[in-house]
Structures are given as C-alpha cells and as structure tokens.
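Visitor: run23.cif (mmCIF, C-alpha atoms) pasted underneath:
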```
data_upload
loop_
_atom_site.label_atom_id
_atom_site.label_comp_id
_atom_site.auth_asym_id
_atom_site.auth_seq_id
_atom_site.Cartn_x
_atom_site.Cartn_y
_atom_site.Cartn_z
CA MET A 1 116.83 179.55 128.54
CA ILE A 2 117.23 175.80 128.34
CA PHE A 3 115.08 174.19 125.66
CA LEU A 4 114.62 170.43 125.55
CA PHE A 5 113.28 168.61 122.50
CA VAL A 6 112.41 165.29 124.09
CA MET A 7 111.33 161.92 122.81
CA ALA A 8 110.62 159.18 125.35
CA SER A 9 111.25 155.58 124.31
CA GLY A 10 108.36 153.32 123.54
CA CYS A 11 105.84 156.01 122.72
CA THR A 12 105.40 159.68 122.09
CA THR A 13 102.75 162.34 122.06
CA LEU A 14 101.11 163.55 118.85
CA GLY A 15 103.56 164.99 116.36
CA ALA A 16 106.59 163.25 117.93
CA HIS A 17 108.89 166.27 118.29
CA ARG A 18 107.81 168.27 121.30
CA MET A 19 109.66 171.30 122.51
CA LEU A 20 109.92 171.47 126.28
CA GLN A 21 110.86 174.81 127.70
CA GLN A 22 112.89 173.83 130.73
CA ASN A 23 112.14 177.10 132.45
CA SER A 24 111.56 180.77 131.79
CA MET A 25 114.49 182.07 133.77
CA ALA A 26 117.09 184.40 132.34
CA PRO A 27 120.27 182.88 130.86
CA GLY A 28 122.74 181.91 133.57
CA ILE A 29 120.01 181.29 136.15
CA SER A 30 118.72 177.98 134.82
CA PRO A 31 120.14 174.86 136.47
CA LYS A 32 123.22 173.40 134.85
CA LEU A 33 122.21 170.14 133.17
CA LEU A 34 124.30 167.09 134.06
CA ALA A 35 123.82 163.46 133.03
CA VAL A 36 124.91 160.26 134.76
CA TYR A 37 127.27 158.26 132.53
CA MET A 38 128.05 154.52 132.70
CA PRO A 39 131.68 153.87 131.60
CA TRP A 40 131.68 150.06 131.54
CA PHE A 41 130.39 149.11 128.09
CA GLY A 42 132.75 146.94 126.12
CA ASN A 43 133.37 144.91 129.25
CA HIS A 44 131.94 141.39 129.10
CA THR A 45 130.24 141.86 132.49
CA HIS A 46 127.68 144.20 130.91
CA ILE A 47 125.37 143.98 127.91
CA ASP A 48 126.59 144.80 124.41
CA VAL A 49 125.34 148.26 123.40
CA GLY A 50 127.33 148.47 120.18
CA TYR A 51 130.29 150.50 121.44
CA SER A 52 133.15 150.43 123.92
CA SER A 53 133.45 153.12 126.58
CA ASP A 54 137.22 153.27 126.08
CA ASP A 55 136.99 154.41 122.44
CA PRO A 56 137.92 158.12 122.19
CA ALA A 57 136.01 158.47 118.92
CA VAL A 58 132.84 157.22 120.61
CA LEU A 59 133.38 159.54 123.56
CA ARG A 60 133.84 162.56 121.28
CA LYS A 61 130.55 161.82 119.52
CA GLN A 62 128.77 161.33 122.85
CA ILE A 63 130.06 164.63 124.18
CA GLN A 64 129.05 166.43 121.00
CA HIS A 65 125.60 164.87 121.19
CA ALA A 66 125.21 165.71 124.87
CA ARG A 67 126.22 169.31 124.30
CA GLN A 68 123.61 169.61 121.54
CA MET A 69 121.06 168.42 124.10
CA GLY A 70 122.04 171.17 126.53
CA ILE A 71 124.05 168.89 128.83
CA SER A 72 127.23 170.42 130.28
CA ALA A 73 128.84 167.49 132.10
CA PHE A 74 128.82 163.73 132.56
CA VAL A 75 128.70 162.44 136.15
CA VAL A 76 130.49 159.12 135.79
CA ASP A 77 129.82 155.95 137.78
CA TRP A 78 133.13 155.10 139.48
CA TYR A 79 134.40 152.45 141.91
CA GLY A 80 138.03 153.48 142.26
CA GLU A 81 140.75 150.93 141.66
CA SER A 82 138.36 148.07 142.43
CA ASN A 83 137.08 148.41 138.83
CA PRO A 84 140.16 149.08 136.64
CA TYR A 85 138.18 149.06 133.37
CA SER A 86 135.82 151.85 134.44
CA ASP A 87 138.66 153.75 136.10
CA HIS A 88 140.68 153.69 132.89
CA ASN A 89 137.67 154.79 130.88
CA PHE A 90 137.07 157.77 133.15
CA MET A 91 140.64 158.86 132.51
CA VAL A 92 140.10 158.63 128.74
CA LEU A 93 136.75 160.44 129.01
CA GLN A 94 138.27 163.27 131.04
CA GLN A 95 140.99 163.76 128.45
CA VAL A 96 138.44 163.89 125.64
CA ALA A 97 136.27 166.24 127.73
CA SER A 98 139.22 168.57 128.21
CA GLU A 99 139.86 168.63 124.46
CA SER A 100 136.15 169.21 123.82
CA HIS A 101 135.61 171.90 126.49
CA PHE A 102 133.18 169.65 128.31
CA GLN A 103 133.13 168.60 131.98
CA VAL A 104 133.09 165.40 134.01
CA ALA A 105 132.68 164.44 137.66
CA LEU A 106 132.88 161.26 139.71
CA LEU A 107 129.84 159.42 141.03
CA TYR A 108 131.66 157.34 143.64
CA ASN A 109 129.99 154.11 144.71
CA GLU A 110 130.74 153.17 148.30
CA ALA A 111 132.46 149.83 148.87
CA GLN A 112 129.92 147.22 149.94
CA ASP A 113 131.87 143.96 150.18
CA GLN A 114 133.44 144.67 153.56
CA ASP A 115 131.78 144.53 156.96
CA ASP A 116 134.63 146.16 158.82
CA ASP A 117 134.08 149.91 159.08
CA ALA A 118 137.78 150.73 159.50
CA GLN A 119 138.85 148.68 156.46
CA THR A 120 136.06 150.09 154.34
CA THR A 121 136.95 153.64 155.32
CA ASP A 122 140.61 152.99 154.53
CA ALA A 123 139.55 151.78 151.08
CA GLU A 124 137.49 154.93 150.56
CA ILE A 125 140.42 157.13 151.57
CA ALA A 126 142.68 155.30 149.12
CA SER A 127 140.13 155.91 146.35
CA PHE A 128 139.95 159.61 147.16
CA ASP A 129 143.75 159.80 147.12
CA GLU A 130 143.69 158.30 143.62
CA ALA A 131 140.97 160.67 142.43
CA TYR A 132 142.81 163.69 143.83
CA LYS A 133 146.08 162.65 142.19
CA ASN A 134 144.67 161.71 138.81
CA TYR A 135 141.47 163.67 138.28
CA PHE A 136 140.93 166.90 140.23
CA GLY A 137 144.01 167.72 142.32
CA PRO A 138 146.81 170.13 141.33
CA THR A 139 148.81 167.37 139.60
CA ALA A 140 145.87 166.02 137.58
CA LYS A 141 146.66 166.55 133.91
CA TYR A 142 143.10 167.28 132.78
CA ARG A 143 141.69 168.85 135.92
CA ASP A 144 140.39 171.77 133.84
CA ALA A 145 137.60 169.43 132.70
CA TYR A 146 136.52 168.46 136.20
CA LEU A 147 133.15 169.84 137.35
CA ALA A 148 133.39 172.41 140.13
CA TYR A 149 131.08 174.55 142.22
CA ASN A 150 132.46 177.94 143.29
CA GLY A 151 135.89 176.65 142.34
CA ARG A 152 135.64 173.42 144.37
CA PRO A 153 135.58 170.01 142.65
CA ILE A 154 132.40 167.99 143.24
CA VAL A 155 132.29 164.28 144.05
CA PHE A 156 128.87 162.63 144.11
CA ILE A 157 128.50 159.77 146.61
CA PHE A 158 126.27 156.75 146.01
CA PRO A 159 125.83 154.94 149.37
CA LYS A 160 126.02 151.15 149.43
CA GLY A 161 127.13 149.25 152.52
CA GLY A 162 126.95 152.08 155.05
CA HIS A 163 130.31 151.18 156.59
CA VAL A 164 132.20 154.38 155.74
CA ASP A 165 133.25 156.80 158.46
CA TRP A 166 132.80 159.99 156.49
CA ASN A 167 134.19 162.07 159.34
CA ARG A 168 137.52 160.29 158.84
CA VAL A 169 137.36 160.68 155.08
CA ARG A 170 136.70 164.40 155.20
CA GLU A 171 139.35 164.92 157.88
CA HIS A 172 141.83 163.09 155.65
CA PHE A 173 141.42 165.49 152.74
CA SER A 174 140.68 168.66 154.72
CA GLY A 175 144.28 169.77 154.32
CA TRP A 176 144.38 169.28 150.58
CA ASP A 177 144.76 172.18 148.23
CA ASN A 178 141.15 172.82 147.15
CA PRO A 179 139.47 169.75 148.72
CA PRO A 180 136.32 168.36 147.06
CA LEU A 181 132.72 169.03 147.94
CA LEU A 182 130.82 165.82 148.66
CA ILE A 183 127.22 165.45 147.44
CA TYR A 184 125.21 162.56 148.94
CA LYS A 185 122.26 160.67 147.47
CA ASP A 186 119.25 161.97 149.39
CA GLN A 187 120.06 162.71 153.04
CA PRO A 188 123.23 161.40 154.72
CA PRO A 189 123.15 159.81 158.18
CA ALA A 190 122.74 162.56 160.78
CA LYS A 191 126.18 161.92 162.30
CA TYR A 192 127.79 162.67 158.94
CA ALA A 193 125.58 165.60 157.89
CA ASP A 194 128.40 168.13 158.26
CA ASP A 195 130.67 166.12 155.96
CA PHE A 196 128.47 166.71 152.93
CA ALA A 197 127.98 169.94 151.02
CA GLY A 198 124.66 168.88 149.58
CA SER A 199 122.38 166.16 148.25
CA TYR A 200 121.15 164.88 144.91
CA ALA A 201 117.89 163.20 143.95
CA TRP A 202 117.98 159.72 142.40
CA VAL A 203 115.51 157.90 140.15
CA GLN A 204 112.96 156.07 142.28
CA PRO A 205 109.19 155.90 142.82
CA GLY A 206 109.35 157.16 146.41
CA PRO A 207 107.19 156.21 149.40
CA GLY A 208 104.47 154.63 147.26
CA GLY A 209 106.89 151.97 146.07
CA TRP A 210 107.21 150.41 142.64
CA ALA A 211 103.79 150.14 140.99
CA ALA A 212 103.16 146.93 139.08
CA ASP A 213 102.09 148.93 136.04
CA GLY A 214 104.96 151.44 136.40
CA SER A 215 102.62 154.37 136.95
CA ASN A 216 104.41 155.70 140.05
CA TRP A 217 107.04 157.96 138.46
CA GLY A 218 108.28 159.52 141.71
CA GLN A 219 106.22 162.67 142.21
CA ALA A 220 105.92 162.23 145.98
CA TYR A 221 109.64 161.49 146.21
CA LEU A 222 110.71 164.60 144.30
CA ASP A 223 108.25 166.70 146.27
CA SER A 224 109.79 165.47 149.53
CA PHE A 225 113.36 165.92 148.22
CA TYR A 226 112.88 169.54 147.20
CA LYS A 227 110.95 170.41 150.36
CA THR A 228 113.77 168.95 152.46
CA MET A 229 116.43 170.88 150.55
CA GLN A 230 114.44 174.09 150.98
CA LYS A 231 114.94 173.67 154.72
CA GLN A 232 118.72 173.43 154.22
CA PRO A 233 119.60 176.62 152.36
CA SER A 234 123.31 176.22 153.06
CA LYS A 235 123.41 172.89 151.21
CA ILE A 236 123.82 172.39 147.45
CA ALA A 237 120.66 170.91 145.93
CA VAL A 238 120.99 168.77 142.81
CA GLY A 239 117.62 167.95 141.31
CA GLY A 240 116.87 164.72 139.47
CA ALA A 241 115.14 163.85 136.19
CA TRP A 242 114.53 160.52 134.45
CA PRO A 243 112.69 159.16 131.41
CA GLY A 244 111.43 156.01 133.13
CA PHE A 245 112.93 152.81 134.53
CA ASP A 246 113.05 149.14 133.53
CA ASP A 247 115.69 146.83 134.97
CA SER A 248 114.57 143.71 133.08
CA ALA A 249 117.76 143.76 130.98
CA ALA A 250 120.02 143.84 134.05
CA SER A 251 121.49 140.69 135.58
CA TRP A 252 120.58 142.17 138.97
CA GLY A 253 117.09 143.23 137.86
CA LEU A 254 114.09 142.97 140.18
CA ASN A 255 111.37 143.60 137.57
CA ARG A 256 110.99 147.24 138.59
CA HIS A 257 109.33 149.69 136.25
CA ILE A 258 108.51 153.36 135.80
CA GLN A 259 106.54 154.09 132.63
CA SER A 260 107.87 156.58 130.12
CA ALA A 261 104.22 157.63 129.67
CA CYS A 262 104.79 158.89 126.13
CA GLY A 263 107.50 161.26 127.32
CA LYS A 264 105.49 162.68 130.20
CA THR A 265 107.72 161.14 132.88
CA LEU A 266 110.74 162.97 131.54
CA ASP A 267 108.71 166.16 131.15
CA GLU A 268 107.44 166.00 134.71
CA THR A 269 110.79 165.23 136.34
CA LEU A 270 112.66 167.82 134.29
CA ASN A 271 110.31 170.58 135.30
CA PHE A 272 109.23 169.59 138.80
CA TYR A 273 111.93 171.69 140.49
CA GLN A 274 110.21 174.88 139.31
CA ARG A 275 107.67 174.45 142.11
CA TYR A 276 110.43 175.33 144.57
CA TYR A 277 113.12 177.31 142.74
CA ASP A 278 113.01 180.54 140.76
CA ASN A 279 115.16 183.56 139.85
CA SER A 280 115.55 184.60 143.46
CA LYS A 281 116.45 181.08 144.59
CA PRO A 282 117.90 179.16 141.63
CA LEU A 283 118.60 175.45 141.52
CA PRO A 284 122.32 175.06 140.69
CA PHE A 285 122.24 171.62 139.05
CA LEU A 286 119.75 169.20 137.52
CA LEU A 287 121.01 165.62 137.08
CA ILE A 288 119.50 163.53 134.28
CA GLU A 289 119.51 159.85 135.21
CA THR A 290 120.90 158.61 132.91
CA TRP A 291 122.79 159.16 129.68
CA ASN A 292 123.40 155.49 128.87
CA ASP A 293 122.21 152.98 131.47
CA TYR A 294 120.54 150.58 129.06
CA GLU A 295 120.39 147.85 131.67
CA GLU A 296 118.02 149.84 133.87
CA GLY A 297 116.09 151.48 131.06
CA THR A 298 117.00 155.08 131.90
CA ALA A 299 119.22 155.94 128.91
CA ILE A 300 118.44 159.11 126.92
CA GLU A 301 121.39 158.70 124.54
CA ARG A 302 119.29 156.93 121.89
CA ARG A 303 115.78 158.00 122.74
CA THR A 304 113.68 156.94 119.77
CA GLU A 305 109.96 156.54 119.31
CA THR A 306 108.54 153.22 118.24
CA ASN A 307 104.84 154.02 118.24
CA CYS A 308 102.40 155.83 120.48
CA GLY A 309 98.90 156.52 119.34
CA GLY A 310 99.85 155.64 115.78
CA ASN A 311 102.71 158.15 115.49
CA ALA A 312 105.73 157.39 113.36
CA THR A 313 109.22 156.66 114.64
CA ALA A 314 111.39 159.72 115.28
CA ARG A 315 114.83 160.49 116.63
CA SER A 316 115.05 162.49 119.86
CA SER A 317 117.16 165.52 120.57
CA LEU A 318 117.49 167.99 123.41
CA HIS A 319 118.55 171.59 122.84
#
```
Could you take the file, read its structure, and then write that structure out as structure tokens?

Guide:
Amino acid sequence: MIFLFVMASGCTTLGAHRMLQQNSMAPGISPKLLAVYMPWFGNHTHIDVGYSSDDPAVLRKQIQHARQMGISAFVVDWYGESNPYSDHNFMVLQQVASESHFQVALLYNEAQDQDDDAQTTDAEIASFDEAYKNYFGPTAKYRDAYLAYNGRPIVFIFPKGGHVDWNRVREHFSGWDNPPLLIYKDQPPAKYADDFAGSYAWVQPGPGGWAADGSNWGQAYLDSFYKTMQKQPSKIAVGGAWPGFDDSAASWGLNRHIQSACGKTLDETLNFYQRYYDNSKPLPFLLIETWNDYEEGTAIERRTETNCGGNATARSSLH
C-alpha cells in the first residue's frame, strides 16, 4: 500500500499530521508515484529558493526525501540544448539518481519561438537525438536510472507552440534500439494520436476556469481526463495530483489560484483516480505536480503548516 502523510501549505486540518491511505490495493498494484521536478534553481532567471539545482549534495537529499514520501522518480522539466543550465542539471541529477537507485524522466517542453513547422520539428528531432545519446539510449552512461514502462523509456511532452510534426519525430526514432514512448499532456491532436503511447493529467481547474477565490481545484477536469482514458484502454494513463496553485511569485504569473483547502486539494487529487481504477484495471502512474515549483505554488518539497483553525506549525512528510 502507499501511505501519504500530507501537510498542505497555508493551513491544515485538526491535529496537523494526517495519514492518507492512497489506496487499498495490494502491493505492486498501486500507481507508481512520480513528481515533476524543476531543475533551474540557482539560475538568475528564477527566484532564489536557497539552493542550486546543480549541487549533487542537494540532489541526494532531495532524492532521499522523495523516496521517504513514496515517490519513485522525478519527471524533469527539460528544453533540450536551448536551456544549457537545465540540461546540465538533468545530467547531474540522473547520475545522482543512478547512484541512489532512483529514477528520472524528461518532461520535454515543445519549442514555441518558431512559426515554421519544419524548423520547429527539426529542432525537436535534434533534442531527441541528444536525449537518446545522453540519457536513455544504449550509449547513455546512466540509462539505468531512466524511467521505463515495459522496458521502454518514457518521455513526457508538454505542448507549447503546436508547430511540431510528431509523425516526423516518431518516424525519425522508430529505428532506434528501444525507442521511447511519448506521453502527451491531455489529448494530442487527432492527426498525431498514433504517435503517442498515452496521456498525463496536468494541474488546472478545468472547464469551470480559474475561480477568483481559488475554490475550483479541478474535479471536473480530472473526471473528464479519467473518463477519456477509460475509453482508450491501449493507451498509458498517467493521473495527476496537486496541492494547489498560485502563480503570484512567477514573472509570468496571471494571478491564478487553486486553494490548498487545508490539505483537501491534495487529498482529493491524490485519490480521485480510484473512481475509475482498481485491482483489475490499475493505474500505472500518478504524477504529483510538483516537487519544487515555488513560482507557481505547487511545490510539496517543503510543505509546512502555518496555521489553520488555530493548529500549530508542523513539517510534512509522505510515506
């Protein structure tokens, strides 16, 4: 069983430490817990969070902490060679993960600064060539730490500009030894549906939009996501969970909010998948969004309670 001892920032329920039983399935059936990881801290373009993402000692502590919380892998935000700092940090993280018997995967952000489909697709292909060479292909030094599904490496895709010809990309690597499985955010465009092995849910309020008071935590969205994936049994479903959202600290922020609701938002999103998956039809992965995105208020790395209903401050942990 997966047990989660969760504290949500800003407030907590009575007694602070609350044990959340993730599900009642037998060991090995529960979804594998993953967490999105931002590798750019220490770079002047992002806020100061007190550490640098290129420090192996920091990464070792983060991996140890994540493992204690029941997390098996970091899914790392990645832009290819267009962001050398983050690319370097992924390489360091993968080495530390290999030494620590942990796993990592790429969350590849599509290029969005080009309007030409052919040029954008060429850039994507070049990024995949780099990832194959350095991170999950047969010559990658620490490929043992790369997250796989049925022996195939997984690359998560975060769509941006919509100018990528994914048919070309998949054709390019179809001849590789053990080519990757691509997992798209929500549903890919119909013309590229066959290029993707599955879909993952992403933190958002859904069709109701962002509520001014942050009360829309995404129930309708998750309901629609899981119902859609139920109709696609051949696709890999990656559920989503989040503790809230607040992009007021981000330079790109739009004053969007999802309340933590004294930990209830994390509780609800962590357990919502159980309405659709059970022992006979298990969910393979559940992606926590995020480990350390402090700029959008979704980090669980330092979940602490300030005060909620008069309760004292407490440190969070997931087991």

Visitor: What does the structure give for the distance between CA of Lys61 (chain A) and CA of Val155 (chain A), in Å to one decimal?

Guide: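 Computing the Euclidean distance for CA of Lys61 (chain A) and CA of Val155 (chain A) yields 24.7 Å.
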
Visitor: Tell me, in Å to one decimal, how far CA of Tyr277 (chain A) is from CA of Gly240 (chain A).

Guide: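 Pair CA of Tyr277 (chain A) / CA of Gly240 (chain A) returns 13.5 Å.
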
Visitor: Could you state the separation of CA of Leu59 (chain A) and CA of Gln103 (chain A) in Å, given to one decimal place?

Guide: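 One can read the CA of Leu59 (chain A) to CA of Gln103 (chain A) distance as 12.4 Å.
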
Visitor: Residues around (138.1, 153.6, 159.1), cut-off 9 Å, counting all atoms listed in the file - what are they as a PyMOL selection string?

Guide: chain A and resi 116-125+163-166+168-169

Visitor: Determine the nearest neighbour of Met229 (chain A) from the options A:Arg256, A:Lys281, A:Lys191, A:Lys141, counting only C-alpha atoms.

Guide: A:Lys281

Visitor: I want to know what sits within 10 Å of Leu106 (chain A), based on all atoms listed in the file, with residues of the same chain fewer than 2 positions away left out; could you give that as a list in words?

Guide: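 The filter keeps Val36, Tyr37, Phe74, Val75, Val76, Asp77, Trp78, Tyr79, Gly80, Phe90, Val104, Tyr108, Asn109, Ala131, Tyr135, Phe136, Tyr146, Leu147, Pro153, Ile154, Val155, Phe156 and Ile157 of chain A.
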
Visitor: List the residues matched by the PyMOL selection byres ((chain A and resi 294) around 9) in the displayed structure as a VMD selection string, ordered by chain and then by residue number.

Guide: chain A and resid 47 49 246 to 247 249 to 250 290 to 293 295 to 299

Visitor: Put those residues in a file: C-alpha atoms, as a tab-separated table (two decimals), in the coordinates of the input.

Guide:
```
chain	number	residue	atom	x	y	z
A	47	ILE	CA	125.37	143.98	127.91
A	49	VAL	CA	125.34	148.26	123.40
A	246	ASP	CA	113.05	149.14	133.53
A	247	ASP	CA	115.69	146.83	134.97
A	249	ALA	CA	117.76	143.76	130.98
A	250	ALA	CA	120.02	143.84	134.05
A	290	THR	CA	120.90	158.61	132.91
A	291	TRP	CA	122.79	159.16	129.68
A	292	ASN	CA	123.40	155.49	128.87
A	293	ASP	CA	122.21	152.98	131.47
A	295	GLU	CA	120.39	147.85	131.67
A	296	GLU	CA	118.02	149.84	133.87
A	297	GLY	CA	116.09	151.48	131.06
A	298	THR	CA	117.00	155.08	131.90
A	299	ALA	CA	119.22	155.94	128.91
```

Visitor: Name the residues captured by the PyMOL selection byres ((chain A and resi 269) around 12) when it is applied to the shown file; answer as number ranges by chain.

Guide: A: 20, 22, 201-205, 217-223, 226, 239-244, 260, 263-268, 270-275, 286-289

Visitor: Could you check the closest approach to Gly42 (chain A) for each of A:Ser86, A:Ser127, A:Ser30, A:Asn150 and tell me which residue wins, using all atoms listed in the file?

Guide: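 Among the listed residues, A:Ser86 lies closest to Gly42 (chain A).
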
Visitor: Take the PyMOL selection byres ((chain A and resi 92) around 12), run it mentally on this structure, and tell me the resulting residues as an NGL selection string.

Guide: :A and (39 or 52-60 or 76 or 85-91 or 93-99 or 104 or 134-135 or 141-142 or 145)

Visitor: With distances taken over all atoms listed in the file, which residue among A:Asp177, A:Lys227, A:Lys160, A:Asp195 lies nearest Thr139 (chain A)?

Guide: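 When distances to Thr139 (chain A) are compared using all atoms listed in the file, the smallest one comes from A:Asp177.
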
Visitor: With all atoms listed in the file as the basis for distance, which of A:Ala66, A:Ala140, A:Ala148, A:Leu34 is at the shortest distance from Leu181 (chain A)?

Guide: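 Once distances to Leu181 (chain A) are computed over all atoms listed in the file, the minimum belongs to A:Ala148.
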
Visitor: When distances are computed from all atoms listed in the file, which of A:Arg67, A:Tyr200, A:Ala111, A:Arg303 shows the smallest separation from Pro284 (chain A)?

Guide: A:Tyr200

Visitor: Compare A:Leu182, A:Gly161, A:Trp40, A:Cys262 by their minimum atom-to-atom distance to Ser215 (chain A), counting all atoms listed in the file, and give me the closest one.

Guide: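 Result for the nearest residue to Ser215 (chain A): A:Cys262.
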
Visitor: Taking the structure in the block just given, could you write region 278-300 of chain A with C-alpha atoms, as a short mmCIF file (atom, residue, chain, number, x, y, z; two decimals), in the first residue's frame?

Guide:
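Contents of result21.cif, as written:
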```cif
data_model
loop_
_atom_site.label_atom_id
_atom_site.label_comp_id
_atom_site.auth_asym_id
_atom_site.auth_seq_id
_atom_site.Cartn_x
_atom_site.Cartn_y
_atom_site.Cartn_z
CA ASP A 278 -8.90 -0.81 -9.22
CA ASN A 279 -7.09 -4.15 -8.91
CA SER A 280 -8.50 -5.44 -12.17
CA LYS A 281 -7.63 -2.24 -14.03
CA PRO A 282 -4.74 -0.50 -12.25
CA LEU A 283 -3.47 2.99 -12.95
CA PRO A 284 0.25 2.64 -13.82
CA PHE A 285 1.46 6.10 -12.78
CA LEU A 286 0.32 9.06 -10.69
CA LEU A 287 2.21 12.32 -11.30
CA ILE A 288 2.45 14.82 -8.44
CA GLU A 289 2.64 18.37 -9.77
CA THR A 290 5.09 19.41 -8.47
CA TRP A 291 8.09 18.66 -6.29
CA ASN A 292 9.58 22.16 -6.32
CA ASP A 293 7.79 24.72 -8.49
CA TYR A 294 7.76 27.53 -5.94
CA GLU A 295 6.93 30.10 -8.60
CA GLU A 296 3.55 28.52 -9.30
CA GLY A 297 2.80 27.46 -5.75
CA THR A 298 2.66 23.72 -6.40
CA ALA A 299 5.79 22.57 -4.53
CA ILE A 300 5.45 19.74 -1.99
#
```
